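**Q** This is final.pdb (PDB, C-alpha atoms).
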ATOM      1  CA  LEU T  29     -31.987  40.699 -17.232
ATOM      2  CA  THR T  30     -29.785  38.594 -19.508
ATOM      3  CA  SER T  31     -27.490  37.803 -16.575
ATOM      4  CA  VAL T  32     -30.471  36.772 -14.445
ATOM      5  CA  ASP T  33     -31.756  34.573 -17.273
ATOM      6  CA  ARG T  34     -28.337  32.959 -17.641
ATOM      7  CA  ILE T  35     -28.235  32.131 -13.909
ATOM      8  CA  MET T  36     -31.767  30.688 -14.011
ATOM      9  CA  VAL T  37     -30.991  28.569 -17.080
ATOM     10  CA  ALA T  38     -27.807  27.254 -15.497
ATOM     11  CA  GLY T  39     -29.664  26.438 -12.297
ATOM     12  CA  LEU T  40     -32.593  24.731 -13.988
ATOM     13  CA  LEU T  41     -30.925  22.984 -16.926
ATOM     14  CA  GLY T  42     -27.330  22.583 -15.788
ATOM     15  CA  PRO T  43     -26.014  19.506 -13.950
ATOM     16  CA  SER T  44     -27.196  19.290 -10.365
ATOM     17  CA  ARG T  45     -24.840  18.901  -7.438
ATOM     18  CA  LEU T  46     -25.942  15.285  -7.112
ATOM     19  CA  ALA T  47     -25.304  14.596 -10.803
ATOM     20  CA  SER T  48     -21.858  16.160 -10.549
ATOM     21  CA  ARG T  49     -21.071  13.996  -7.525
ATOM     22  CA  VAL T  50     -22.256  10.857  -9.340
ATOM     23  CA  TRP T  51     -19.951  11.740 -12.243
ATOM     24  CA  GLU T  52     -17.044  12.216  -9.834
ATOM     25  CA  LEU T  53     -17.704   8.863  -8.162
ATOM     26  CA  GLU T  54     -17.892   7.102 -11.524
ATOM     27  CA  SER T  55     -14.557   8.616 -12.467
ATOM     28  CA  ASP T  56     -13.060   7.604  -9.107
ATOM     29  CA  ARG T  57     -14.429   4.085  -9.505
ATOM     30  CA  GLY T  58     -12.653   3.778 -12.841
ATOM     31  CA  THR T  59      -9.413   4.859 -11.201
ATOM     32  CA  VAL T  60      -9.831   2.324  -8.401
ATOM     33  CA  VAL T  61     -10.586  -0.470 -10.890
ATOM     34  CA  ASP T  62      -7.481   0.423 -12.911
ATOM     35  CA  THR T  63      -5.389   0.491  -9.734
ATOM     36  CA  ALA T  64      -6.738  -2.894  -8.633
ATOM     37  CA  ALA T  65      -5.980  -4.383 -12.057
ATOM     38  CA  ALA T  66      -2.433  -3.004 -11.919
ATOM     39  CA  ASP T  67      -1.996  -4.465  -8.427
ATOM     40  CA  LEU T  68      -3.172  -7.880  -9.636
ATOM     41  CA  ARG T  69      -0.706  -7.763 -12.535
ATOM     42  CA  ARG T  70       2.093  -6.808 -10.130
ATOM     43  CA  ILE T  71       1.210  -9.699  -7.795
ATOM     44  CA  GLU T  72       1.109 -12.144 -10.706
ATOM     45  CA  ARG T  73       4.465 -10.881 -11.988
ATOM     46  CA  ASP T  74       6.050 -11.041  -8.536
ATOM     47  CA  LEU T  75       4.798 -14.591  -8.031
ATOM     48  CA  HIS T  76       5.955 -15.716 -11.469
ATOM     49  CA  ASP T  77       9.371 -14.066 -11.450
ATOM     50  CA  GLY T  78      10.097 -14.407  -7.750
ATOM     51  CA  ALA T  79       8.721 -17.121  -5.498
ATOM     52  CA  GLN T  80       7.528 -19.433  -8.293
ATOM     53  CA  ALA T  81      10.867 -19.385 -10.117
ATOM     54  CA  ARG T  82      12.699 -19.980  -6.861
ATOM     55  CA  LEU T  83      10.449 -22.920  -5.939
ATOM     56  CA  VAL T  84      10.894 -24.507  -9.392
ATOM     57  CA  ALA T  85      14.672 -24.262  -9.014
ATOM     58  CA  LEU T  86      14.333 -25.696  -5.500
ATOM     59  CA  ALA T  87      12.380 -28.731  -6.799
ATOM     60  CA  MET T  88      15.068 -29.372  -9.432
ATOM     61  CA  ASP T  89      17.863 -29.127  -6.847
ATOM     62  CA  LEU T  90      16.082 -31.577  -4.539
ATOM     63  CA  GLY T  91      15.599 -33.963  -7.457
ATOM     64  CA  LEU T  92      19.316 -33.872  -8.221
ATOM     65  CA  ALA T  93      20.122 -34.341  -4.536
ATOM     66  CA  LYS T  94      17.867 -37.407  -4.434
ATOM     67  CA  GLU T  95      19.716 -38.906  -7.403
ATOM     68  CA  LYS T  96      23.106 -38.324  -5.767
ATOM     69  CA  LEU T  97      22.032 -39.544  -2.363
ATOM     70  CA  GLU T  98      23.404 -43.072  -2.816
ATOM     71  CA  GLU T  99      26.448 -42.468  -5.023
ATOM     72  CA  ASP T 100      27.702 -39.233  -3.410
ATOM     73  CA  PRO T 101      26.118 -38.568   0.005
ATOM     74  CA  GLU T 102      28.359 -35.573   0.746
ATOM     75  CA  ALA T 103      27.384 -33.784  -2.459
ATOM     76  CA  ALA T 104      23.738 -34.622  -1.822
ATOM     77  CA  ALA T 105      23.948 -33.219   1.703
ATOM     78  CA  LYS T 106      25.489 -30.009   0.360
ATOM     79  CA  MET T 107      22.701 -29.649  -2.214
ATOM     80  CA  VAL T 108      20.054 -30.212   0.452
ATOM     81  CA  ASP T 109      21.690 -27.533   2.592
ATOM     82  CA  GLU T 110      21.596 -25.090  -0.331
ATOM     83  CA  ALA T 111      17.959 -26.009  -0.957
ATOM     84  CA  HIS T 112      17.190 -25.222   2.676
ATOM     85  CA  GLY T 113      18.548 -21.716   2.140
ATOM     86  CA  GLU T 114      16.403 -21.341  -0.972
ATOM     87  CA  VAL T 115      13.327 -22.325   1.038
ATOM     88  CA  LYS T 116      14.010 -19.524   3.521
ATOM     89  CA  LEU T 117      14.377 -16.982   0.708
ATOM     90  CA  ALA T 118      11.161 -18.177  -0.946
ATOM     91  CA  LEU T 119       9.273 -17.899   2.344
ATOM     92  CA  GLN T 120      10.582 -14.363   2.851
ATOM     93  CA  GLU T 121       9.475 -13.368  -0.660
ATOM     94  CA  LEU T 122       6.008 -14.787  -0.017
ATOM     95  CA  ARG T 123       5.777 -12.930   3.303
ATOM     96  CA  ASP T 124       6.778  -9.669   1.630
ATOM     97  CA  LEU T 125       4.221 -10.249  -1.109
ATOM     98  CA  ALA T 126       1.472 -11.086   1.388
ATOM     99  CA  ARG T 127       2.343  -7.969   3.377
ATOM    100  CA  GLY T 128       1.838  -5.921   0.211
ATOM    101  CA  ILE T 129      -1.627  -7.413  -0.314
ATOM    102  CA  HIS T 130      -3.029  -6.980   3.175
ATOM    103  CA  PRO T 131      -1.007  -7.401   6.367
ATOM    104  CA  ALA T 132      -2.368  -9.935   8.839
ATOM    105  CA  ILE T 133      -1.666  -7.636  11.783
ATOM    106  CA  LEU T 134      -4.029  -5.020  10.303
ATOM    107  CA  THR T 135      -6.852  -7.559  10.062
ATOM    108  CA  ASP T 136      -6.234  -9.083  13.494
ATOM    109  CA  ARG T 137      -5.235  -6.111  15.652
ATOM    110  CA  GLY T 138      -6.222  -2.927  13.848
ATOM    111  CA  LEU T 139      -4.595   0.236  12.608
ATOM    112  CA  GLY T 140      -2.534   1.152  15.685
ATOM    113  CA  PRO T 141      -0.428  -2.034  15.944
ATOM    114  CA  ALA T 142      -0.203  -2.281  12.140
ATOM    115  CA  LEU T 143       1.195   1.249  11.817
ATOM    116  CA  SER T 144       3.619   0.641  14.694
ATOM    117  CA  ALA T 145       4.941  -2.465  12.929
ATOM    118  CA  LEU T 146       5.137  -0.519   9.661
ATOM    119  CA  SER T 147       7.086   2.352  11.218
ATOM    120  CA  ALA T 148       9.545  -0.087  12.807
ATOM    121  CA  ARG T 149      10.703  -1.051   9.298
ATOM    122  CA  CYS T 150      11.236   2.565   8.221
ATOM    123  CA  THR T 151      14.857   3.709   7.920
ATOM    124  CA  VAL T 152      13.913   6.954   9.708
ATOM    125  CA  PRO T 153      12.868   6.872  13.398
ATOM    126  CA  VAL T 154       9.090   7.281  13.459
ATOM    127  CA  THR T 155       6.804   8.193  16.372
ATOM    128  CA  VAL T 156       3.287   6.774  15.983
ATOM    129  CA  THR T 157       0.242   8.105  17.862
ATOM    130  CA  VAL T 158      -3.166   6.533  17.183
ATOM    131  CA  ASP T 159      -6.275   7.806  18.967
ATOM    132  CA  LEU T 160      -9.326   6.019  17.560
ATOM    133  CA  PRO T 161     -12.263   5.197  19.865
ATOM    134  CA  GLN T 162     -13.318   2.390  17.504
ATOM    135  CA  ARG T 163     -11.982   0.681  14.408
ATOM    136  CA  PRO T 164     -12.874   2.231  11.038
ATOM    137  CA  ALA T 165     -14.403   0.187   8.241
ATOM    138  CA  PRO T 166     -11.972  -2.369   6.749
ATOM    139  CA  ALA T 167     -11.739  -0.453   3.463
ATOM    140  CA  ILE T 168     -10.815   2.751   5.303
ATOM    141  CA  GLU T 169      -8.277   0.890   7.458
ATOM    142  CA  GLY T 170      -6.656  -0.568   4.352
ATOM    143  CA  ILE T 171      -6.405   2.762   2.548
ATOM    144  CA  ALA T 172      -5.069   4.456   5.698
ATOM    145  CA  TYR T 173      -2.434   1.729   6.136
ATOM    146  CA  PHE T 174      -1.184   1.850   2.550
ATOM    147  CA  THR T 175      -1.262   5.652   2.568
ATOM    148  CA  VAL T 176       1.053   5.733   5.570
ATOM    149  CA  SER T 177       3.188   2.993   3.997
ATOM    150  CA  GLU T 178       3.626   4.971   0.766
ATOM    151  CA  LEU T 179       4.417   8.205   2.573
ATOM    152  CA  LEU T 180       6.947   6.574   4.907
ATOM    153  CA  GLN T 181       8.656   5.042   1.876
ATOM    154  CA  ASN T 182       8.855   8.506   0.325
ATOM    155  CA  ILE T 183      10.354   9.851   3.544
ATOM    156  CA  SER T 184      12.937   7.054   3.603
ATOM    157  CA  LYS T 185      13.941   7.463  -0.053
ATOM    158  CA  HIS T 186      13.711  11.166  -0.772
ATOM    159  CA  SER T 187      13.436  13.399   2.289
ATOM    160  CA  GLY T 188      16.787  13.072   4.031
ATOM    161  CA  ALA T 189      14.823  13.398   7.270
ATOM    162  CA  ARG T 190      16.153  12.489  10.699
ATOM    163  CA  THR T 191      12.747  11.949  12.352
ATOM    164  CA  ALA T 192       9.132  11.485  11.318
ATOM    165  CA  GLU T 193       5.746  11.345  13.035
ATOM    166  CA  VAL T 194       2.478   9.575  12.240
ATOM    167  CA  ASP T 195      -0.666  10.832  13.987
ATOM    168  CA  VAL T 196      -4.095   9.252  13.516
ATOM    169  CA  TRP T 197      -7.275  10.510  15.144
ATOM    170  CA  ARG T 198     -10.992  10.838  14.516
ATOM    171  CA  THR T 199     -12.911  14.067  13.925
ATOM    172  CA  GLU T 200     -16.679  13.532  13.773
ATOM    173  CA  ASP T 201     -17.152  11.019  10.935
ATOM    174  CA  ARG T 202     -13.661  11.282   9.440
ATOM    175  CA  VAL T 203     -10.359   9.541  10.111
ATOM    176  CA  MET T 204      -7.511  12.029  10.035
ATOM    177  CA  LEU T 205      -3.919  11.106   9.160
ATOM    178  CA  GLN T 206      -0.985  13.445   9.597
ATOM    179  CA  ILE T 207       2.478  12.348   8.500
ATOM    180  CA  THR T 208       5.295  14.831   9.096
ATOM    181  CA  ASP T 209       9.078  14.794   8.810
ATOM    182  CA  ASP T 210      11.999  17.203   9.181
ATOM    183  CA  GLY T 211      13.440  16.527   5.722
ATOM    184  CA  ARG T 212      14.275  18.787   2.810
ATOM    185  CA  GLY T 213      10.739  18.948   1.377
ATOM    186  CA  GLY T 214       9.907  19.318  -2.303
ATOM    187  CA  ALA T 215       6.964  16.883  -2.520
ATOM    188  CA  ASP T 216       4.474  17.817  -5.251
ATOM    189  CA  THR T 217       1.214  16.016  -6.071
ATOM    190  CA  SER T 218       1.079  17.544  -9.560
ATOM    191  CA  ALA T 219       4.475  16.265 -10.708
ATOM    192  CA  GLY T 220       3.216  12.855 -11.818
ATOM    193  CA  SER T 221       4.670  11.180  -8.744
ATOM    194  CA  GLY T 222       3.266   8.448  -6.547
ATOM    195  CA  LEU T 223       1.513  11.163  -4.555
ATOM    196  CA  ALA T 224      -0.865  11.780  -7.456
ATOM    197  CA  GLY T 225      -1.956   8.133  -7.464
ATOM    198  CA  LEU T 226      -2.241   8.225  -3.688
ATOM    199  CA  SER T 227      -4.510  11.259  -3.929
ATOM    200  CA  GLU T 228      -6.782   9.434  -6.399
ATOM    201  CA  ARG T 229      -7.004   6.377  -4.133
ATOM    202  CA  ILE T 230      -7.944   8.538  -1.147
ATOM    203  CA  ASP T 231     -10.454  10.521  -3.206
ATOM    204  CA  ALA T 232     -12.267   7.272  -4.033
ATOM    205  CA  VAL T 233     -13.525   7.168  -0.427
ATOM    206  CA  ASP T 234     -14.266  10.904  -0.258
ATOM    207  CA  GLY T 235     -10.868  11.570   1.308
ATOM    208  CA  ILE T 236      -8.585  14.551   0.733
ATOM    209  CA  LEU T 237      -4.791  14.576   0.488
ATOM    210  CA  VAL T 238      -3.158  17.866   1.460
ATOM    211  CA  VAL T 239       0.604  18.316   1.033
ATOM    212  CA  ASN T 240       2.468  21.132   2.768
ATOM    213  CA  SER T 241       6.102  20.805   1.689
TER     214      SER T 241
END
Show how you would write the structure in this file as structure tokens.
**A**
Amino acid sequence: LTSVDRIMVAGLLGPSRLASRVWELESDRGTVVDTAAADLRRIERDLHDGAQARLVALAMDLGLAKEKLEEDPEAAAKMVDEAHGEVKLALQELRDLARGIHPAILTDRGLGPALSALSARCTVPVTVTVDLPQRPAPAIEGIAYFTVSELLQNISKHSGARTAEVDVWRTEDRVMLQITDDGRGGADTSAGSGLAGLSERIDAVDGILVVNS
């Protein structure tokens, strides 16, 4: 009788399934907010230390070249040539930074072309197969893209793999991602690695990260 009473009390007075889910979502929302704030700080730091510093130096070099233009045209031409090289580097840094925020190809063409372009930059040969009858919501597309990006970076840096595969398909109301490689393994979501943060980001949209390594 005591056991029955305990079950009834837990069922009547304990947190409901809905309340537990609300608590989980609030916790996930806090994680997402913290991640977004960290991303904003990273972008600000990259702009300040990278492209902005390079553009300031470029403006100073062009100012010096302008001063030397009449008295030493050859030196001025050399400085302008160097400044032209700095412009190219600054543009590349800005492109890399913009790609980290949200790639234009993902917005314009969708997940398939975006993942193909992403895999082309991987140091390991990657086969990409995308079978989606329609485009997912933009938030889901973004999380899927950056999930694949993070995992391909892990494969490049740590796996020692010779090949990798990215498969994307839809099952009922879920988008499924499967990223595999023939590397040495050893990935662990509980070791405080980037996989733990990736799991939290996916969980924020009711996703699940499963690692078989």
**Q** With all atoms listed in the file as the basis for distance, which of T:Ile236, T:Leu160, T:Leu223, T:Ala142 is at the shortest distance from T:Thr199?
**A**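 Smallest distance to T:Thr199 is found for T:Leu160.
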**Q** Around the point (-12.7, 9.1, 1.3), in the coordinates given by the file, pick out the residues reaching within 10 Å, counting only C-alpha atoms, and return them as a list in words.
**A**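 Those residues lying close to the given coordinates are Ala167, Ile168, Ile171, Ala172, Arg202, Val203, Ser227, Glu228, Arg229, Ile230, Asp231, Ala232, Val233, Asp234, Gly235, Ile236 and Leu237 of chain T.
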**Q** Once 8 Å is added on each side, what are the centre and the three edge lengths, in Å to one decimal, of the axis-aligned box enclosing the listed atoms of stretch 163-171 of chain T? Present them as JSON.
**A**
{"center_x": -10.4, "center_y": 0.2, "center_z": 8.5, "size_x": 24.0, "size_y": 21.1, "size_z": 27.9}
**Q** Output the residue selection produced by the PyMOL selection byres ((chain T and resi 89) around 10) on the file above, formatted as a PyMOL selection string.
**A** chain T and resi 83-88+90-95+104+107-108+110-111+114
**Q** Can you pull out every residue within 10 Å of T:Val239, counting all atoms listed in the file, but drop anything in the same chain fewer than 4 positions away, and send it as a PDB file with C-alpha atoms, in the frame of the given file?
**A**
ATOM      1  CA  GLN T 206      -0.985  13.445   9.597  1.00  0.00           C
ATOM      2  CA  ILE T 207       2.478  12.348   8.500  1.00  0.00           C
ATOM      3  CA  THR T 208       5.295  14.831   9.096  1.00  0.00           C
ATOM      4  CA  GLY T 214       9.907  19.318  -2.303  1.00  0.00           C
ATOM      5  CA  ALA T 215       6.964  16.883  -2.520  1.00  0.00           C
ATOM      6  CA  ASP T 216       4.474  17.817  -5.251  1.00  0.00           C
ATOM      7  CA  THR T 217       1.214  16.016  -6.071  1.00  0.00           C
ATOM      8  CA  LEU T 223       1.513  11.163  -4.555  1.00  0.00           C
TER       9      LEU T 223
END
**Q** Counting only C-alpha atoms, which of T:Leu226, T:Leu139, T:Leu122, T:Val115 gets nearest to T:Ala165?
**A** T:Leu139
**Q** I'd like the interatomic distance between atom CA of T:Thr155 and atom CA of T:Ile183, to a tenth of an Å.
**A**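 Those two atoms sit 13.4 Å apart.
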**Q** Decode the PyMOL selection byres ((chain T and resi 176) around 9) for the given file into explicit residues and return them as JSON, numbers by chain.
**A** {"T": [143, 146, 147, 171, 172, 173, 174, 175, 177, 178, 179, 180, 181, 194, 205, 206, 207]}
**Q** Kindly give the distance, in Å, that separates atom CA of T:Gln120 and atom CA of T:Cys150, rounded to a single decimal.
**A** 17.8 Å
**Q** Could you check how far atom CA of T:His186 sits from atom CA of T:Ser241, in Å to one decimal?
**A** 12.5 Å
**Q** Quick one: residues within 10 Å of stretch 133-136 of chain T, all atoms listed in the file counted, chain neighbours fewer than 2 positions away excluded, as a list in words?
**A**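 So, after excluding close chain neighbours, the residues are Arg127, His130, Pro131, Gly138, Leu139, Gly140, Pro141, Ala142, Leu143, Ala145, Pro166, Glu169, Gly170 and Tyr173 of chain T.
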**Q** Any chance you can output those residues with C-alpha atoms as a PDB file, keeping the file's coordinate frame?
**A**
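For reference, out-v3.pdb as written:
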ATOM      1  CA  ARG T 127       2.343  -7.969   3.377  1.00  0.00           C
ATOM      2  CA  HIS T 130      -3.029  -6.980   3.175  1.00  0.00           C
ATOM      3  CA  PRO T 131      -1.007  -7.401   6.367  1.00  0.00           C
ATOM      4  CA  GLY T 138      -6.222  -2.927  13.848  1.00  0.00           C
ATOM      5  CA  LEU T 139      -4.595   0.236  12.608  1.00  0.00           C
ATOM      6  CA  GLY T 140      -2.534   1.152  15.685  1.00  0.00           C
ATOM      7  CA  PRO T 141      -0.428  -2.034  15.944  1.00  0.00           C
ATOM      8  CA  ALA T 142      -0.203  -2.281  12.140  1.00  0.00           C
ATOM      9  CA  LEU T 143       1.195   1.249  11.817  1.00  0.00           C
ATOM     10  CA  ALA T 145       4.941  -2.465  12.929  1.00  0.00           C
ATOM     11  CA  PRO T 166     -11.972  -2.369   6.749  1.00  0.00           C
ATOM     12  CA  GLU T 169      -8.277   0.890   7.458  1.00  0.00           C
ATOM     13  CA  GLY T 170      -6.656  -0.568   4.352  1.00  0.00           C
ATOM     14  CA  TYR T 173      -2.434   1.729   6.136  1.00  0.00           C
TER      15      TYR T 173
END
**Q** Spell out the residues picked by the PyMOL selection byres ((chain T and resi 191) around 6) here, as number ranges by chain.
**A** T: 152-153, 189-190, 192, 209
**Q** The selected residues should be written to file as a tab-separated table (two decimals), in the coordinates of the input (atoms: C-alpha atoms).
**A**
chain	number	residue	atom	x	y	z
T	152	VAL	CA	13.91	6.95	9.71
T	153	PRO	CA	12.87	6.87	13.40
T	189	ALA	CA	14.82	13.40	7.27
T	190	ARG	CA	16.15	12.49	10.70
T	192	ALA	CA	9.13	11.48	11.32
T	209	ASP	CA	9.08	14.79	8.81
**Q** Which residue out of T:Ile35, T:Lys185, T:Val156, T:Gly222 has the minimum interatomic distance to T:Ser144 when all atoms listed in the file are used?
**A** T:Val156
